[in-house]
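Following: one structure in structure tokens, then a few remarks.
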Amino acid sequence: MKLHPSLLTFLLLVASFPTPAMAGSADANLNVSASVVPSIIIVPPPPAPIPIENVTDPSTPATATVPIAITLPDDTTGKIKIGEGQNPAPVSTNNNPVRRMTDGNGHYLLYELYQDESKTTIWGNTDDTALSLSGTGSADNVNVHIKIPGGQNVPAGNYQDTVLVTATL
């Protein structure tokens with residue numbers, strides 16, 4: 001039998017490749033990684049009307065406190081911002097919001113949201129006007145203090161607004 005040079009070259013090349021071992025063991029590292037994105041949970045209370053009886057009396061503002069449950073990851077610091085609402089006054093800004101409820105008939109009732117019970121720190125929608133909160137990994141109740149200034153001349157009716165609460169890390 002006569003071998004052709006190309007077949008001989010092929011046989012020599014095949015014989016020179018290492019063959020896998022049929023016995024023994026081998027080790028290899030498998031790298032495993034994951035990216036964990038911190039999660040934030042905000043649970044607003046159900047809508048509840050704030051009873052206002054003497055809103056036309058300038059010396060008697062109506063006030064209320066509403067808790068919002070906010071969960072931030074453990075050992076993190078977050079900022080809680082509250083937007084201007086759906087009916088902001090023309091002069092309203094994210095830094096100095098002038099919020100208004102409406103009765104849906106073109107009448108507006110001014111209201112203010114505060115971070116503190118003494119109602120001195122307006123709650124806005126910027127880092128400077130946000131509330132700082134330390135995360136515990138569990139739900140923390142954050143109180144929103146509401147004040148409806150007295151002396152507003154509006155017709156009787158149901159007034160409402162919706163504000164966006166944003167939590168960031």
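In the structure tokens, chains take letters A, B, ... by order of appearance, with residues numbered from 1 within each chain and ligands from 1 in the order shown.
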
May I have the residues within 10 Å of segment 97-106 of chain A as a PyMOL selection string, using only C-alpha atoms and disregarding those fewer than 6 positions away in the same chain?
chain A and resi 82-91+112-113+122-125+129+148+154-163

Contacts of Glu117 of chain A at 10 Å or less, counting only C-alpha atoms, minus same-chain residues fewer than 3 places along, as JSON, numbers by chain?
{"A": [64, 65, 114, 120, 121, 143, 144, 145, 146]}

Print the selection's residues with N, CA and C atoms to a file, as a PDB file, in the first residue's frame.
```
ATOM      1  N   ALA A  64     -53.394  68.292  59.617  1.00  0.00           N
ATOM      2  CA  ALA A  64     -53.510  66.826  59.715  1.00  0.00           C
ATOM      3  C   ALA A  64     -52.119  66.241  59.563  1.00  0.00           C
ATOM      4  N   THR A  65     -51.958  65.010  60.015  1.00  0.00           N
ATOM      5  CA  THR A  65     -50.707  64.277  59.845  1.00  0.00           C
ATOM      6  C   THR A  65     -51.045  62.937  59.217  1.00  0.00           C
ATOM      7  N   TYR A 114     -45.375  69.631  55.142  1.00  0.00           N
ATOM      8  CA  TYR A 114     -44.193  69.897  55.955  1.00  0.00           C
ATOM      9  C   TYR A 114     -43.529  68.607  56.405  1.00  0.00           C
ATOM     10  N   THR A 120     -42.535  74.041  59.990  1.00  0.00           N
ATOM     11  CA  THR A 120     -41.609  75.110  59.605  1.00  0.00           C
ATOM     12  C   THR A 120     -40.754  74.733  58.392  1.00  0.00           C
ATOM     13  N   THR A 121     -40.622  73.428  58.102  1.00  0.00           N
ATOM     14  CA  THR A 121     -39.790  72.985  56.980  1.00  0.00           C
ATOM     15  C   THR A 121     -40.680  72.452  55.864  1.00  0.00           C
ATOM     16  N   ASN A 143     -43.973  60.757  58.650  1.00  0.00           N
ATOM     17  CA  ASN A 143     -45.167  61.584  58.759  1.00  0.00           C
ATOM     18  C   ASN A 143     -45.100  62.781  57.819  1.00  0.00           C
ATOM     19  N   VAL A 144     -46.178  62.973  57.089  1.00  0.00           N
ATOM     20  CA  VAL A 144     -46.351  64.169  56.268  1.00  0.00           C
ATOM     21  C   VAL A 144     -47.340  65.052  57.026  1.00  0.00           C
ATOM     22  N   HIS A 145     -46.891  66.253  57.372  1.00  0.00           N
ATOM     23  CA  HIS A 145     -47.727  67.182  58.135  1.00  0.00           C
ATOM     24  C   HIS A 145     -48.377  68.156  57.154  1.00  0.00           C
ATOM     25  N   ILE A 146     -49.689  68.176  57.166  1.00  0.00           N
ATOM     26  CA  ILE A 146     -50.473  68.952  56.202  1.00  0.00           C
ATOM     27  C   ILE A 146     -51.063  70.168  56.905  1.00  0.00           C
TER      28      ILE A 146
END
```

For Asn141 of chain A, the nearest of the candidates A:Leu110, A:Val43, A:Leu169, A:Leu164, counting only C-alpha atoms
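Closest to Asn141 of chain A of all the choices is A:Val43.
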
Looking at A:Thr63, A:Ser138, A:Asn96, A:Thr77, which one is nearest to Ala167 of chain A, with distances taken over only C-alpha atoms?
A:Thr77

Can you measure atom CA of Asp140 of chain A to atom CA of Lys119 of chain A for me? One decimal in Å is fine.
20.3 Å

Quick one, how far is atom CA of Asn95 of chain A from atom CA of Val142 of chain A?
20.0 Å

Residue list (strand (DSSP E), DSSP) for segment 93-129 of chain A, as a ChimeraX atom specification
/A:99-102,108-114

Taking all heavy atoms for each residue, export the selection above as a CSV table (one decimal), in the first residue's frame.
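Done, and the output landed in selection-v1.csv:
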```csv
chain,number,residue,atom,x,y,z
A,99,ARG,N,-48.8,74.4,46.5
A,99,ARG,CA,-49.8,73.3,46.2
A,99,ARG,C,-51.2,73.7,46.3
A,99,ARG,O,-51.5,74.5,47.2
A,99,ARG,CB,-49.5,72.1,47.0
A,99,ARG,CG,-48.1,71.5,46.8
A,99,ARG,CD,-47.8,70.3,47.7
A,99,ARG,NE,-46.5,69.7,47.5
A,99,ARG,CZ,-45.5,69.9,48.2
A,99,ARG,NH1,-45.5,70.7,49.3
A,99,ARG,NH2,-44.3,69.3,47.9
A,100,ARG,N,-52.1,73.2,45.4
A,100,ARG,CA,-53.5,73.5,45.5
A,100,ARG,C,-54.3,72.3,45.2
A,100,ARG,O,-54.0,71.5,44.3
A,100,ARG,CB,-53.9,74.6,44.5
A,100,ARG,CG,-53.0,75.8,44.5
A,100,ARG,CD,-53.5,76.9,43.5
A,100,ARG,NE,-53.5,76.3,42.1
A,100,ARG,CZ,-53.9,77.1,41.1
A,100,ARG,NH1,-54.3,78.3,41.2
A,100,ARG,NH2,-53.8,76.5,39.9
A,101,MET,N,-55.4,72.1,46.0
A,101,MET,CA,-56.4,71.1,45.7
A,101,MET,C,-57.5,71.8,44.9
A,101,MET,O,-57.6,73.1,44.9
A,101,MET,CB,-57.1,70.6,47.0
A,101,MET,CG,-56.2,69.8,47.9
A,101,MET,SD,-57.0,69.2,49.3
A,101,MET,CE,-56.5,70.4,50.5
A,102,THR,N,-58.2,71.1,44.1
A,102,THR,CA,-59.2,71.6,43.3
A,102,THR,C,-60.5,70.9,43.5
A,102,THR,O,-60.5,69.7,43.9
A,102,THR,CB,-58.9,71.6,41.8
A,102,THR,OG1,-59.9,72.2,41.0
A,102,THR,CG2,-58.7,70.2,41.3
A,108,TYR,N,-59.8,76.6,43.8
A,108,TYR,CA,-58.6,76.0,44.4
A,108,TYR,C,-58.5,76.3,45.9
A,108,TYR,O,-58.8,77.4,46.3
A,108,TYR,CB,-57.3,76.5,43.7
A,108,TYR,CG,-57.3,76.1,42.2
A,108,TYR,CD1,-57.7,77.0,41.2
A,108,TYR,CD2,-56.9,74.9,41.8
A,108,TYR,CE1,-57.7,76.6,39.9
A,108,TYR,CE2,-56.8,74.5,40.5
A,108,TYR,CZ,-57.3,75.4,39.5
A,108,TYR,OH,-57.3,75.0,38.2
A,109,LEU,N,-57.9,75.3,46.6
A,109,LEU,CA,-57.7,75.5,48.0
A,109,LEU,C,-56.2,75.2,48.3
A,109,LEU,O,-55.7,74.1,48.0
A,109,LEU,CB,-58.6,74.4,48.8
A,109,LEU,CG,-58.6,74.4,50.3
A,109,LEU,CD1,-59.1,75.8,50.8
A,109,LEU,CD2,-59.4,73.3,50.8
A,110,LEU,N,-55.5,76.2,48.7
A,110,LEU,CA,-54.1,76.1,49.0
A,110,LEU,C,-53.8,75.2,50.2
A,110,LEU,O,-54.6,75.1,51.1
A,110,LEU,CB,-53.5,77.5,49.3
A,110,LEU,CG,-53.4,78.5,48.2
A,110,LEU,CD1,-53.0,79.9,48.8
A,110,LEU,CD2,-52.5,78.0,47.1
A,111,TYR,N,-52.7,74.4,50.1
A,111,TYR,CA,-52.3,73.6,51.2
A,111,TYR,C,-50.8,73.4,51.2
A,111,TYR,O,-50.2,73.7,50.1
A,111,TYR,CB,-53.0,72.2,51.2
A,111,TYR,CG,-52.5,71.3,50.1
A,111,TYR,CD1,-51.6,70.3,50.3
A,111,TYR,CD2,-53.0,71.4,48.8
A,111,TYR,CE1,-51.1,69.4,49.3
A,111,TYR,CE2,-52.6,70.5,47.8
A,111,TYR,CZ,-51.7,69.5,48.1
A,111,TYR,OH,-51.2,68.7,47.1
A,112,GLU,N,-50.2,73.1,52.3
A,112,GLU,CA,-48.8,73.0,52.5
A,112,GLU,C,-48.4,71.7,53.1
A,112,GLU,O,-49.2,71.2,53.9
A,112,GLU,CB,-48.3,74.2,53.3
A,112,GLU,CG,-48.6,75.5,52.7
A,112,GLU,CD,-48.6,76.6,53.8
A,112,GLU,OE1,-48.5,76.4,55.0
A,112,GLU,OE2,-48.6,77.8,53.4
A,113,LEU,N,-47.3,71.1,52.7
A,113,LEU,CA,-46.8,69.8,53.2
A,113,LEU,C,-45.5,70.1,53.9
A,113,LEU,O,-44.6,70.8,53.3
A,113,LEU,CB,-46.6,68.8,52.1
A,113,LEU,CG,-47.9,68.4,51.3
A,113,LEU,CD1,-47.5,67.4,50.3
A,113,LEU,CD2,-49.0,67.9,52.2
A,114,TYR,N,-45.4,69.6,55.1
A,114,TYR,CA,-44.2,69.9,56.0
A,114,TYR,C,-43.5,68.6,56.4
A,114,TYR,O,-44.2,67.6,56.6
A,114,TYR,CB,-44.6,70.7,57.2
A,114,TYR,CG,-45.0,72.1,56.9
A,114,TYR,CD1,-46.4,72.4,56.7
A,114,TYR,CD2,-44.1,73.2,56.8
A,114,TYR,CE1,-46.8,73.7,56.4
A,114,TYR,CE2,-44.5,74.4,56.5
A,114,TYR,CZ,-45.8,74.7,56.3
A,114,TYR,OH,-46.2,76.0,56.0
```

Please report the interatomic distance between atom CA of Thr76 of chain A and atom CA of Thr136 of chain A in Å with one decimal.
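It comes out at 7.7 Å.
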
Distance query Asp75 of chain A at most 9 Å, only C-alpha atoms, self and fewer than 2 positions along chain excluded, as a count of residues only
7
